[in-house]
file data-v7.pdb (PDB, C-alpha atoms and all ligand atoms)
MODEL        1
ATOM      1  CA  MET G 776     -97.337-107.569-125.672
ATOM      2  CA  THR G 777     -99.190-106.288-128.795
ATOM      3  CA  LYS G 778    -100.945-108.945-130.778
ATOM      4  CA  GLY G 779     -99.891-108.812-134.422
ATOM      5  CA  PRO G 780    -102.001-110.011-137.312
ATOM      6  CA  GLY G 781    -102.072-113.773-137.491
ATOM      7  CA  MET G 782    -101.075-114.202-133.822
ATOM      8  CA  ASP G 783    -103.575-116.512-132.274
ATOM      9  CA  THR G 784    -103.432-116.842-128.515
ATOM     10  CA  ARG G 785    -106.386-119.213-128.320
ATOM     11  CA  GLY G 786    -103.975-122.129-127.951
ATOM     12  CA  GLU G 787    -102.478-120.809-124.685
ATOM     13  CA  PRO G 788    -105.314-121.508-122.237
ATOM     14  CA  ARG G 789    -105.742-124.911-123.873
ATOM     15  CA  SER G 790    -102.085-125.839-123.472
ATOM     16  CA  GLU G 791    -102.126-124.517-119.894
ATOM     17  CA  LEU G 792    -105.156-126.668-119.162
ATOM     18  CA  LEU G 793    -103.504-129.691-120.771
ATOM     19  CA  ALA G 794    -100.377-129.107-118.673
ATOM     20  CA  LEU G 795    -102.526-128.864-115.550
ATOM     21  CA  VAL G 796    -104.406-132.073-116.325
ATOM     22  CA  ARG G 797    -101.107-133.797-117.047
ATOM     23  CA  SER G 798     -99.640-132.656-113.703
ATOM     24  CA  LEU G 799    -102.733-133.804-111.876
ATOM     25  CA  LYS G 800    -102.598-137.211-113.583
ATOM     26  CA  GLU G 801     -98.926-137.490-112.680
ATOM     27  CA  ARG G 802     -99.640-136.610-109.062
ATOM     28  CA  LEU G 803    -102.442-139.166-108.859
ATOM     29  CA  GLN G 804    -100.067-141.750-110.296
ATOM     30  CA  VAL G 805     -97.278-140.926-107.835
ATOM     31  CA  ASP G 806     -99.657-140.902-104.861
ATOM     32  CA  GLY G 807    -101.233-144.156-106.022
ATOM     33  CA  GLU G 808     -97.819-145.808-106.390
ATOM     34  CA  LEU G 809     -96.753-144.626-102.960
ATOM     35  CA  GLY G 810    -100.018-145.716-101.343
ATOM     36  CA  ARG G 811    -100.863-142.192-100.201
ATOM     37  CA  PRO G 812    -104.457-141.225 -99.421
ATOM     38  CA  LEU G 813    -106.073-139.353-102.307
ATOM     39  CA  SER G 814    -108.084-137.206 -99.911
ATOM     40  CA  TYR G 815    -107.553-134.051-102.001
ATOM     41  CA  LEU G 816    -109.972-135.573-104.509
ATOM     42  CA  THR G 817    -112.827-134.947-102.092
ATOM     43  CA  ARG G 818    -111.833-131.411-101.092
ATOM     44  CA  PRO G 819    -111.089-128.330-103.200
ATOM     45  CA  ILE G 820    -107.710-128.548-104.938
ATOM     46  CA  ASP G 821    -105.143-125.876-104.264
ATOM     47  CA  PHE G 822    -103.981-125.436-107.851
ATOM     48  CA  ALA G 823    -100.738-123.871-106.747
ATOM     49  CA  ASP G 824     -99.993-127.248-105.218
ATOM     50  CA  VAL G 825    -100.430-129.306-108.400
ATOM     51  CA  GLY G 826     -97.196-129.888-110.279
ATOM     52  CA  THR G 827     -93.754-131.331-110.232
ATOM     53  CA  ALA G 828     -92.515-129.127-107.406
ATOM     54  CA  ALA G 829     -95.365-130.285-105.218
ATOM     55  CA  ILE G 830     -94.761-133.927-106.107
ATOM     56  CA  LYS G 831     -91.115-133.476-105.218
ATOM     57  CA  ALA G 832     -91.824-131.679-101.953
ATOM     58  CA  GLU G 833     -94.334-134.320-100.884
ATOM     59  CA  ALA G 834     -92.056-137.165-101.849
ATOM     60  CA  GLU G 835     -89.358-135.661 -99.666
ATOM     61  CA  ALA G 836     -91.656-135.054 -96.709
ATOM     62  CA  PRO G 837     -91.867-137.731 -93.996
ATOM     63  CA  ALA G 838     -94.195-140.276 -95.516
ATOM     64  CA  THR G 839     -97.016-142.145 -93.859
ATOM     65  CA  GLY G 840     -97.968-144.740 -96.492
ATOM     66  CA  PRO G 841     -97.138-148.457 -96.507
ATOM     67  CA  ALA G 842     -93.846-147.965 -98.371
ATOM     68  CA  SER G 843     -92.790-145.217 -96.017
ATOM     69  CA  SER G 844     -90.083-146.653 -93.823
ATOM     70  CA  GLY G 845     -86.294-146.693 -94.240
ATOM     71  CA  ILE G 846     -85.203-147.683 -97.695
ATOM     72  CA  GLY G 847     -88.772-147.194 -98.980
ATOM     73  CA  SER G 848     -88.570-143.480 -98.448
ATOM     74  CA  ASN G 849     -85.352-143.274-100.501
ATOM     75  CA  LEU G 850     -87.252-144.872-103.348
ATOM     76  CA  GLU G 851     -89.996-142.295-102.876
ATOM     77  CA  LYS G 852     -87.393-139.567-103.174
ATOM     78  CA  VAL G 853     -86.168-140.980-106.468
ATOM     79  CA  ARG G 854     -89.757-141.124-107.723
ATOM     80  CA  GLY G 855     -90.312-137.556-106.598
ATOM     81  CA  GLU G 856     -87.228-136.295-108.379
ATOM     82  CA  LEU G 857     -88.170-138.098-111.569
ATOM     83  CA  GLY G 858     -91.498-136.211-111.362
ATOM     84  CA  ASP G 859     -93.351-135.563-114.605
ATOM     85  CA  CYS G 860     -90.199-136.433-116.537
ATOM     86  CA  ARG G 861     -89.599-134.662-119.852
ATOM     87  CA  ARG G 862     -85.870-135.330-120.098
ATOM     88  CA  CYS G 863     -86.111-137.192-123.408
ATOM     89  CA  VAL G 864     -88.480-137.355-126.373
ATOM     90  CA  LEU G 865     -90.365-140.353-125.017
ATOM     91  CA  HIS G 866     -92.473-138.125-122.760
ATOM     92  CA  ARG G 867     -94.228-136.831-125.873
ATOM     93  CA  THR G 868     -95.681-140.198-126.816
ATOM     94  CA  ARG G 869     -96.030-141.992-123.474
ATOM     95  CA  ARG G 870     -99.398-142.325-121.805
ATOM     96  CA  ARG G 871     -98.020-143.121-118.367
ATOM     97  CA  LEU G 872     -94.577-143.186-116.882
ATOM     98  CA  VAL G 873     -93.704-146.621-115.458
ATOM     99  CA  PHE G 874     -91.429-146.168-112.460
ATOM    100  CA  GLY G 875     -91.413-149.718-111.113
ATOM    101  CA  GLU G 876     -93.225-151.592-108.375
ATOM    102  CA  GLY G 877     -92.771-154.089-105.613
ATOM    103  CA  ASN G 878     -91.085-154.434-102.274
ATOM    104  CA  PRO G 879     -88.811-151.449-101.549
ATOM    105  CA  LYS G 880     -86.690-153.833 -99.461
ATOM    106  CA  ALA G 881     -86.669-156.642-102.019
ATOM    107  CA  GLU G 882     -83.812-159.124-101.996
ATOM    108  CA  LEU G 883     -84.304-159.664-105.718
ATOM    109  CA  VAL G 884     -84.836-156.998-108.389
ATOM    110  CA  PHE G 885     -85.772-157.718-112.003
ATOM    111  CA  VAL G 886     -84.754-155.081-114.548
ATOM    112  CA  GLY G 887     -86.408-155.231-117.960
ATOM    113  CA  GLU G 888     -86.019-153.062-121.021
ATOM    114  CA  ALA G 889     -88.899-150.597-121.334
ATOM    115  CA  PRO G 890     -92.659-150.462-120.918
ATOM    116  CA  GLY G 891     -94.780-151.882-123.731
ATOM    117  CA  ALA G 892     -98.333-150.943-124.664
ATOM    118  CA  ASP G 893     -99.996-152.575-121.630
ATOM    119  CA  GLU G 894     -97.497-151.093-119.195
ATOM    120  CA  ASP G 895     -97.856-147.667-120.820
ATOM    121  CA  ALA G 896    -101.631-147.887-120.387
ATOM    122  CA  GLN G 897    -101.510-149.044-116.758
ATOM    123  CA  GLY G 898     -98.379-147.314-115.447
ATOM    124  CA  ARG G 899     -97.113-150.653-114.083
ATOM    125  CA  PRO G 900     -94.157-152.776-115.243
ATOM    126  CA  PHE G 901     -94.542-156.211-116.817
ATOM    127  CA  VAL G 902     -98.320-156.508-116.893
ATOM    128  CA  GLY G 903     -98.723-157.696-120.526
ATOM    129  CA  ARG G 904     -98.086-161.193-121.892
ATOM    130  CA  ALA G 905     -94.364-161.063-121.151
ATOM    131  CA  GLY G 906     -95.226-159.796-117.673
ATOM    132  CA  GLN G 907     -97.566-162.683-117.031
ATOM    133  CA  LEU G 908     -94.756-165.051-117.942
ATOM    134  CA  LEU G 909     -92.397-163.159-115.612
ATOM    135  CA  THR G 910     -94.960-163.517-112.806
ATOM    136  CA  LYS G 911     -95.053-167.290-113.452
ATOM    137  CA  ILE G 912     -91.248-167.448-113.317
ATOM    138  CA  ILE G 913     -91.246-165.538-109.998
ATOM    139  CA  GLU G 914     -93.884-167.873-108.569
ATOM    140  CA  ALA G 915     -91.971-170.928-109.796
ATOM    141  CA  MET G 916     -89.058-169.589-107.747
ATOM    142  CA  GLY G 917     -91.292-169.864-104.673
ATOM    143  CA  LEU G 918     -91.709-166.079-104.429
ATOM    144  CA  LYS G 919     -94.660-163.737-104.756
ATOM    145  CA  ARG G 920     -94.562-160.871-107.250
ATOM    146  CA  GLU G 921     -95.044-158.400-104.350
ATOM    147  CA  GLU G 922     -91.931-159.746-102.615
ATOM    148  CA  VAL G 923     -89.575-158.733-105.428
ATOM    149  CA  TYR G 924     -89.099-155.386-107.168
ATOM    150  CA  ILE G 925     -89.654-154.983-110.913
ATOM    151  CA  CYS G 926     -88.518-152.057-113.045
ATOM    152  CA  ASN G 927     -87.042-151.207-116.429
ATOM    153  CA  ILE G 928     -84.077-149.422-117.955
ATOM    154  CA  LEU G 929     -86.486-146.905-119.540
ATOM    155  CA  LYS G 930     -89.467-145.512-117.658
ATOM    156  CA  CYS G 931     -91.402-144.556-120.792
ATOM    157  CA  ARG G 932     -92.538-146.612-123.749
ATOM    158  CA  PRO G 933     -90.599-146.196-126.999
ATOM    159  CA  PRO G 934     -93.198-145.698-129.752
ATOM    160  CA  GLY G 935     -94.098-148.955-131.481
ATOM    161  CA  ASN G 936     -91.844-150.762-128.955
ATOM    162  CA  ARG G 937     -88.749-149.790-130.940
ATOM    163  CA  ASN G 938     -85.353-150.313-129.308
ATOM    164  CA  PRO G 939     -84.238-147.713-126.744
ATOM    165  CA  GLU G 940     -81.936-145.006-128.150
ATOM    166  CA  PRO G 941     -78.621-144.304-126.375
ATOM    167  CA  ASP G 942     -79.694-140.770-125.368
ATOM    168  CA  GLU G 943     -82.928-142.144-123.853
ATOM    169  CA  ILE G 944     -80.941-144.675-121.824
ATOM    170  CA  ALA G 945     -78.545-141.909-120.751
ATOM    171  CA  SER G 946     -81.451-139.742-119.517
ATOM    172  CA  CYS G 947     -83.135-142.548-117.615
ATOM    173  CA  GLU G 948     -80.191-144.502-116.220
ATOM    174  CA  PRO G 949     -79.407-142.141-113.303
ATOM    175  CA  PHE G 950     -82.850-142.930-111.897
ATOM    176  CA  LEU G 951     -82.368-146.676-112.261
ATOM    177  CA  ILE G 952     -78.984-146.408-110.562
ATOM    178  CA  ARG G 953     -80.610-144.571-107.660
ATOM    179  CA  GLN G 954     -83.533-147.005-107.519
ATOM    180  CA  LEU G 955     -81.104-149.907-107.226
ATOM    181  CA  ALA G 956     -79.033-148.044-104.633
ATOM    182  CA  ALA G 957     -82.181-147.341-102.573
ATOM    183  CA  ILE G 958     -83.342-150.971-102.646
ATOM    184  CA  HIS G 959     -79.865-152.475-102.392
ATOM    185  CA  PRO G 960     -81.035-155.996-103.267
ATOM    186  CA  ARG G 961     -78.979-159.146-102.711
ATOM    187  CA  VAL G 962     -79.387-160.173-106.367
ATOM    188  CA  ILE G 963     -80.323-158.393-109.610
ATOM    189  CA  CYS G 964     -81.719-160.234-112.613
ATOM    190  CA  ALA G 965     -81.251-158.385-115.923
ATOM    191  CA  LEU G 966     -83.940-159.393-118.400
ATOM    192  CA  GLY G 967     -82.687-159.314-121.976
ATOM    193  CA  THR G 968     -79.951-157.699-123.967
ATOM    194  CA  PHE G 969     -80.633-154.001-123.283
ATOM    195  CA  SER G 970     -80.876-154.492-119.567
ATOM    196  CA  ALA G 971     -77.714-156.624-119.377
ATOM    197  CA  HIS G 972     -75.750-154.288-121.670
ATOM    198  CA  THR G 973     -76.801-151.160-119.788
ATOM    199  CA  LEU G 974     -76.130-152.525-116.318
ATOM    200  CA  LEU G 975     -72.898-154.344-117.151
ATOM    201  CA  LYS G 976     -71.504-151.902-119.722
ATOM    202  CA  SER G 977     -70.847-154.904-121.918
ATOM    203  CA  GLU G 978     -71.723-155.566-125.522
ATOM    204  CA  ALA G 979     -71.372-159.325-125.335
ATOM    205  CA  PRO G 980     -74.365-161.323-126.593
ATOM    206  CA  ILE G 981     -76.928-162.230-123.955
ATOM    207  CA  SER G 982     -76.323-165.908-124.830
ATOM    208  CA  ALA G 983     -72.729-165.477-123.605
ATOM    209  CA  LEU G 984     -73.574-163.290-120.588
ATOM    210  CA  ARG G 985     -76.354-165.473-119.145
ATOM    211  CA  GLY G 986     -75.817-168.506-116.951
ATOM    212  CA  HIS G 987     -73.444-167.019-114.395
ATOM    213  CA  PHE G 988     -73.229-164.087-112.034
ATOM    214  CA  HIS G 989     -71.584-160.799-112.944
ATOM    215  CA  SER G 990     -71.110-157.949-110.527
ATOM    216  CA  TYR G 991     -73.081-154.689-110.468
ATOM    217  CA  GLN G 992     -71.814-152.375-107.715
ATOM    218  CA  GLU G 993     -70.727-155.555-105.889
ATOM    219  CA  ILE G 994     -74.237-157.012-106.155
ATOM    220  CA  PRO G 995     -74.439-160.367-107.990
ATOM    221  CA  LEU G 996     -76.213-159.790-111.308
ATOM    222  CA  MET G 997     -77.634-162.596-113.421
ATOM    223  CA  PRO G 998     -78.456-161.771-117.043
ATOM    224  CA  THR G 999     -81.066-163.997-118.626
ATOM    225  CA  TYR G1000     -83.360-164.032-121.638
ATOM    226  CA  HIS G1001     -86.246-161.557-121.684
ATOM    227  CA  PRO G1002     -89.693-163.124-121.140
ATOM    228  CA  ALA G1003     -90.816-161.633-124.490
ATOM    229  CA  TYR G1004     -88.011-163.651-126.139
ATOM    230  CA  LEU G1005     -89.310-166.752-124.347
ATOM    231  CA  LEU G1006     -92.766-166.165-125.821
ATOM    232  CA  ARG G1007     -91.203-166.356-129.280
ATOM    233  CA  ASN G1008     -88.647-169.042-128.390
ATOM    234  CA  PRO G1009     -90.158-171.347-125.761
ATOM    235  CA  GLY G1010     -87.149-173.655-126.121
ATOM    236  CA  ALA G1011     -85.069-171.085-124.200
ATOM    237  CA  LYS G1012     -87.198-171.553-121.055
ATOM    238  CA  LYS G1013     -84.811-174.349-119.976
ATOM    239  CA  GLN G1014     -81.930-171.887-119.839
ATOM    240  CA  VAL G1015     -83.952-169.292-117.954
ATOM    241  CA  TRP G1016     -84.975-171.934-115.467
ATOM    242  CA  ALA G1017     -81.299-172.856-114.998
ATOM    243  CA  ASP G1018     -80.469-169.153-114.458
ATOM    244  CA  VAL G1019     -83.200-168.619-111.868
ATOM    245  CA  GLN G1020     -82.071-171.725-110.002
ATOM    246  CA  VAL G1021     -78.621-170.150-109.635
ATOM    247  CA  ILE G1022     -80.367-167.037-108.267
ATOM    248  CA  MET G1023     -82.437-169.114-105.822
ATOM    249  CA  LYS G1024     -79.312-170.835-104.554
ATOM    250  CA  GLU G1025     -77.660-167.459-103.941
ATOM    251  CA  LEU G1026     -80.737-166.140-102.109
ATOM    252  CA  LYS G1027     -80.767-169.186 -99.815
ATOM    253  CA  LYS G1028     -77.187-168.546 -98.632
TER     254      LYS G1028
HETATM  255  N1  LIG R   1     -91.024-155.583-121.433
HETATM  256  C1  LIG R   1     -90.173-154.928-120.619
HETATM  257  O1  LIG R   1     -88.965-154.959-120.827
HETATM  258  N2  LIG R   1     -90.679-154.271-119.600
HETATM  259  C2  LIG R   1     -91.975-154.211-119.317
HETATM  260  O2  LIG R   1     -92.354-153.570-118.333
HETATM  261  C3  LIG R   1     -92.834-154.919-120.166
HETATM  262  C4  LIG R   1     -92.359-155.596-121.210
ENDMDL
END
call {"tool": "encode", "arguments": {"input": "data-v7.pdb", "output": "structure tokens"}}
result
Amino acid sequence: MTKGPGMDTRGEPRSELLALVRSLKERLQVDGELGRPLSYLTRPIDFADVGTAAIKAEAEAPATGPASSGIGSNLEKVRGELGDCRRCVLHRTRRRLVFGEGNPKAELVFVGEAPGADEDAQGRPFVGRAGQLLTKIIEAMGLKREEVYICNILKCRPPGNRNPEPDEIASCEPFLIRQLAAIHPRVICALGTFSAHTLLKSEAPISALRGHFHSYQEIPLMPTYHPAYLLRNPGAKKQVWADVQVIMKELKK
């Protein structure tokens, strides 16, 4: 191609390099999440191997990490197919994609709304103030955080923590559906309005939805208040405690 006046190609190598760094970061994140050895960091990198296709191929290969058996490997597949997701605008402003974490065979899954600033920085769900409160709730239920699975409706942070847009939910939901199908928990707890509305296809207020089980793909689903709401309205902790007791009773059956 002939370069015309004013055509500046200096940006191309830079954007290629940025794309390469981004792919490498994504791969490190995926491998870290899946507990894979990062041995390629100490040997020369085959650059042809860095990218979404490679992430996908590896995620589909027989895995050897701690989350490798049975249902765990289905979850790995979902993570692999999500790859370095650019399906909606949120990829432009996110720092890290937050897939979810916990036991791939969990009996209980918590589904929140979307990563906030702390989650975006760390690539892990519910690690900020609301997350610390969620961890306390889990422990008060007699469980460890590692025993349950925690994820969100959206895998990327909406800028300024604004509400998720319908098209962002539509892009992300297929992955949540597949995550939940891979884990197949005994109970799901939907944290807050967006989570409950997305999973139940209902527009009823969370105050009316909470307190009793609904059904998601024949799995009992308990909507309750979001921990961030509890930080602003500590009086609602009583109701959340009542909701988690109903969950505990179901898990003991
Ligand atoms: N709020 C959410 O809904 N999810 C997180 O991961 C953190 C805060």
call {"tool": "closest_atom_pairs", "arguments": {"input": "data-v7.pdb", "of": "chain G", "to": "ligand LIG 1 (chain R)", "cutoff": "9 Å", "atoms": "all atoms listed in the file", "output": "tab-separated table"}}
result
residue	atom	partner	partner_atom	distance
G:Val873	CA	R:LIG1	O2	7.6
G:Gly875	CA	R:LIG1	O2	8.2
G:Val886	CA	R:LIG1	O1	7.6
G:Gly887	CA	R:LIG1	O1	3.9
G:Glu888	CA	R:LIG1	O1	3.5
G:Ala889	CA	R:LIG1	O1	4.4
G:Pro890	CA	R:LIG1	O2	4.1
G:Gly891	CA	R:LIG1	C3	5.1
G:Ala892	CA	R:LIG1	C3	8.1
G:Asp893	CA	R:LIG1	C3	7.7
G:Glu894	CA	R:LIG1	O2	5.8
G:Asp895	CA	R:LIG1	O2	8.4
G:Arg899	CA	R:LIG1	O2	7.0
G:Pro900	CA	R:LIG1	O2	3.7
G:Phe901	CA	R:LIG1	O2	3.7
G:Val902	CA	R:LIG1	C3	6.6
G:Gly903	CA	R:LIG1	C3	6.5
G:Arg904	CA	R:LIG1	C4	8.0
G:Ala905	CA	R:LIG1	C4	5.8
G:Gly906	CA	R:LIG1	C3	6.0
G:Ile925	CA	R:LIG1	O2	8.0
G:Cys926	CA	R:LIG1	O2	6.7
G:Asn927	CA	R:LIG1	N2	5.7
G:Ile928	CA	R:LIG1	O1	7.9
G:Leu929	CA	R:LIG1	N2	8.5
G:Lys930	CA	R:LIG1	O2	8.6
G:Arg932	CA	R:LIG1	C2	8.8
G:Asn936	CA	R:LIG1	N1	9.0
G:Leu966	CA	R:LIG1	O1	7.1
G:Gly967	CA	R:LIG1	O1	7.7
G:Phe969	CA	R:LIG1	O1	8.7
G:Ser970	CA	R:LIG1	O1	8.2
G:His1001	CA	R:LIG1	O1	7.2
G:Pro1002	CA	R:LIG1	N1	7.7
G:Ala1003	CA	R:LIG1	N1	6.8
call {"tool": "atom_distance", "arguments": {"input": "data-v7.pdb", "atom1": "atom CA of G:Tyr1000", "atom2": "atom CA of G:His866"}}
result
27.5 Å
call {"tool": "residues_around", "arguments": {"input": "data-v7.pdb", "residues": "stretch 946-953 of chain G", "least_positions_apart": "4", "cutoff": "10 Å", "atoms": "all atoms listed in the file", "output": "count of residues only"}}
result
28
call {"tool": "resolve_selection", "arguments": {"input": "data-v7.pdb", "expression": "the PyMOL selection byres (((chain G and resi 920) around 9) and not hetatm)", "output": "count of residues only"}}
result
14
call {"tool": "atom_distance", "arguments": {"input": "data-v7.pdb", "atom1": "atom CA of G:Arg869", "atom2": "atom CA of G:Ala965"}}
result
23.3 Å
call {"tool": "atom_distance", "arguments": {"input": "data-v7.pdb", "atom1": "atom CA of G:Ile981", "atom2": "atom CA of G:Thr968"}}
result
5.4 Å
call {"tool": "closest_residue", "arguments": {"input": "data-v7.pdb", "among": "G:Ser990, G:Leu883, G:Leu908, G:Pro960", "to": "G:Pro1009", "atoms": "all atoms listed in the file"}}
result
G:Leu908
